[in-house]
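A.B. asks: Following this line is query.pdb, made up of PDB, C-alpha atoms:
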ATOM      1  CA  THR X 111      40.427 -93.589 -61.941  1.00  0.00           C
ATOM      2  CA  ASN X 112      38.311 -91.647 -59.466  1.00  0.00           C
ATOM      3  CA  PRO X 113      39.597 -92.239 -55.920  1.00  0.00           C
ATOM      4  CA  ALA X 114      36.117 -91.432 -54.561  1.00  0.00           C
ATOM      5  CA  GLU X 115      34.821 -94.475 -56.471  1.00  0.00           C
ATOM      6  CA  SER X 116      37.658 -96.785 -55.523  1.00  0.00           C
ATOM      7  CA  ILE X 117      37.662-100.377 -56.736  1.00  0.00           C
ATOM      8  CA  LYS X 118      40.629-101.267 -54.545  1.00  0.00           C
ATOM      9  CA  ASN X 119      38.715-104.146 -52.917  1.00  0.00           C
ATOM     10  CA  LEU X 120      38.186-105.703 -56.360  1.00  0.00           C
ATOM     11  CA  THR X 121      41.752-105.143 -57.542  1.00  0.00           C
ATOM     12  CA  ASP X 122      43.141-106.505 -54.259  1.00  0.00           C
ATOM     13  CA  LYS X 123      41.136-109.707 -54.816  1.00  0.00           C
ATOM     14  CA  ILE X 124      42.364-109.965 -58.408  1.00  0.00           C
ATOM     15  CA  THR X 125      46.024-109.526 -57.409  1.00  0.00           C
ATOM     16  CA  ALA X 126      45.657-112.128 -54.650  1.00  0.00           C
ATOM     17  CA  ALA X 127      44.095-114.669 -57.030  1.00  0.00           C
ATOM     18  CA  ILE X 128      46.727-114.154 -59.723  1.00  0.00           C
ATOM     19  CA  SER X 129      49.539-114.321 -57.165  1.00  0.00           C
ATOM     20  CA  LYS X 130      48.219-117.560 -55.700  1.00  0.00           C
ATOM     21  CA  GLU X 131      47.563-119.219 -59.060  1.00  0.00           C
ATOM     22  CA  LEU X 132      50.932-118.317 -60.605  1.00  0.00           C
ATOM     23  CA  GLY X 133      52.975-118.738 -57.417  1.00  0.00           C
ATOM     24  CA  ILE X 134      54.370-115.214 -57.641  1.00  0.00           C
ATOM     25  CA  ALA X 135      54.643-112.410 -55.090  1.00  0.00           C
ATOM     26  CA  ASN X 136      51.577-110.230 -54.646  1.00  0.00           C
ATOM     27  CA  ARG X 137      52.790-106.659 -55.046  1.00  0.00           C
ATOM     28  CA  GLY X 138      49.289-105.317 -54.392  1.00  0.00           C
ATOM     29  CA  THR X 139      47.207-102.567 -55.902  1.00  0.00           C
ATOM     30  CA  LYS X 140      49.003 -99.346 -56.825  1.00  0.00           C
ATOM     31  CA  TYR X 141      47.614 -95.921 -57.686  1.00  0.00           C
ATOM     32  CA  ARG X 142      49.842 -93.184 -59.082  1.00  0.00           C
ATOM     33  CA  LYS X 143      48.724 -89.569 -59.359  1.00  0.00           C
ATOM     34  CA  TYR X 144      50.354 -86.810 -61.379  1.00  0.00           C
ATOM     35  CA  ALA X 145      49.029 -83.240 -61.361  1.00  0.00           C
ATOM     36  CA  GLY X 146      45.847 -84.423 -59.620  1.00  0.00           C
ATOM     37  CA  MET X 147      45.086 -87.077 -62.268  1.00  0.00           C
ATOM     38  CA  ASN X 148      45.994 -90.675 -62.890  1.00  0.00           C
ATOM     39  CA  TYR X 149      49.611 -90.856 -64.078  1.00  0.00           C
ATOM     40  CA  TYR X 150      48.928 -93.406 -66.812  1.00  0.00           C
ATOM     41  CA  GLY X 151      47.269 -91.953 -69.908  1.00  0.00           C
ATOM     42  CA  ILE X 152      45.599 -95.243 -70.822  1.00  0.00           C
ATOM     43  CA  LEU X 153      43.827 -95.150 -67.445  1.00  0.00           C
ATOM     44  CA  ARG X 154      43.265 -91.401 -67.354  1.00  0.00           C
ATOM     45  CA  ASN X 155      41.635 -91.392 -70.792  1.00  0.00           C
ATOM     46  CA  GLY X 156      39.853 -94.751 -70.567  1.00  0.00           C
ATOM     47  CA  GLN X 157      36.225 -94.802 -71.622  1.00  0.00           C
ATOM     48  CA  ALA X 158      35.072 -97.284 -68.984  1.00  0.00           C
ATOM     49  CA  LYS X 159      33.823 -96.158 -65.579  1.00  0.00           C
ATOM     50  CA  HIS X 160      36.764 -97.958 -63.960  1.00  0.00           C
ATOM     51  CA  ASN X 161      40.054 -98.814 -65.637  1.00  0.00           C
ATOM     52  CA  PHE X 162      43.022-100.786 -64.365  1.00  0.00           C
ATOM     53  CA  ILE X 163      46.177-102.451 -65.674  1.00  0.00           C
ATOM     54  CA  ILE X 164      47.261-105.903 -64.528  1.00  0.00           C
ATOM     55  CA  GLU X 165      51.013-106.474 -64.484  1.00  0.00           C
ATOM     56  CA  HIS X 166      51.249-110.008 -63.201  1.00  0.00           C
ATOM     57  CA  CYS X 167      54.824-110.763 -64.215  1.00  0.00           C
ATOM     58  CA  PHE X 168      57.672-109.303 -66.203  1.00  0.00           C
ATOM     59  CA  HIS X 169      58.924-111.048 -69.353  1.00  0.00           C
ATOM     60  CA  ASP X 170      62.478-109.800 -68.807  1.00  0.00           C
ATOM     61  CA  ASN X 171      62.668-111.512 -65.408  1.00  0.00           C
ATOM     62  CA  GLN X 172      63.584-115.178 -65.966  1.00  0.00           C
ATOM     63  CA  SER X 173      62.021-116.317 -62.704  1.00  0.00           C
ATOM     64  CA  ASP X 174      58.716-114.537 -63.443  1.00  0.00           C
ATOM     65  CA  ALA X 175      58.655-115.809 -67.022  1.00  0.00           C
ATOM     66  CA  ARG X 176      59.303-119.406 -65.913  1.00  0.00           C
ATOM     67  CA  LYS X 177      56.534-119.291 -63.290  1.00  0.00           C
ATOM     68  CA  TYR X 178      54.140-117.793 -65.828  1.00  0.00           C
ATOM     69  CA  ARG X 179      54.897-120.463 -68.461  1.00  0.00           C
ATOM     70  CA  THR X 180      54.686-123.260 -65.878  1.00  0.00           C
ATOM     71  CA  ASN X 181      51.277-122.066 -64.673  1.00  0.00           C
ATOM     72  CA  LEU X 182      49.903-120.813 -67.999  1.00  0.00           C
ATOM     73  CA  ASP X 183      46.756-122.935 -67.789  1.00  0.00           C
ATOM     74  CA  GLY X 184      45.946-121.388 -64.417  1.00  0.00           C
TER      75      GLY X 184
END
Let me see the structure of the file written as structure tokens.

C.D. replies:
Amino acid sequence: TNPAESIKNLTDKITAAISKELGIANRGTKYRKYAGMNYYGILRNGQAKHNFIIEHCFHDNQSDARKYRTNLDG
């Protein structure tokens, strides 16, 4: 949540691993600011030193959902 203490290298590795394992597109690491703070309240108010959300697929997208179910063990 603090850009000066970025964990982008870690989150880039996580997105790459998930993308490869599930066979889905890697949309990369995103950071969204609003009024100088993290846009997402769950991240802005998180108690951990670093917080992030993983959105690896979307349940309302049939293709994503099928790939996720097919590779669930991964």

A.B. asks: What lies within 10 Å of Phe162 in chain X using all atoms listed in the file, ignoring chain neighbours under 2 positions off, as a PyMOL selection string?

C.D. replies: chain X and resi 111+117+121+139-141+150+152-154+156+158+160+164-165

A.B. asks: Applied to this file, what does the PyMOL selection byres ((chain X and resi 170-178) around 10) return in terms of residues, put as a list in words?

C.D. replies: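 After applying the PyMOL selection byres ((chain X and resi 170-178) around 10), what remains is Glu131, Leu132, Gly133, Ile134, Ala135, His166, Cys167, Phe168, His169, Arg179, Thr180, Asn181, Leu182, Asp183 and Gly184 of chain X.
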
A.B. asks: Quick one: which residues end up in the PyMOL selection byres ((chain X and resi 138) around 8) for this structure, as a list of chain:residue names?

C.D. replies: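 Applied to this file, the PyMOL selection byres ((chain X and resi 138) around 8) selects X:Asp122, X:Thr125, X:Ala126, X:Asn136, X:Arg137, X:Thr139, X:Lys140.
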
A.B. asks: What is the CA of Asn161 in chain X-CA of Lys143 in chain X distance in Å, reported with one decimal?

C.D. replies: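 It comes out at 14.1 Å.
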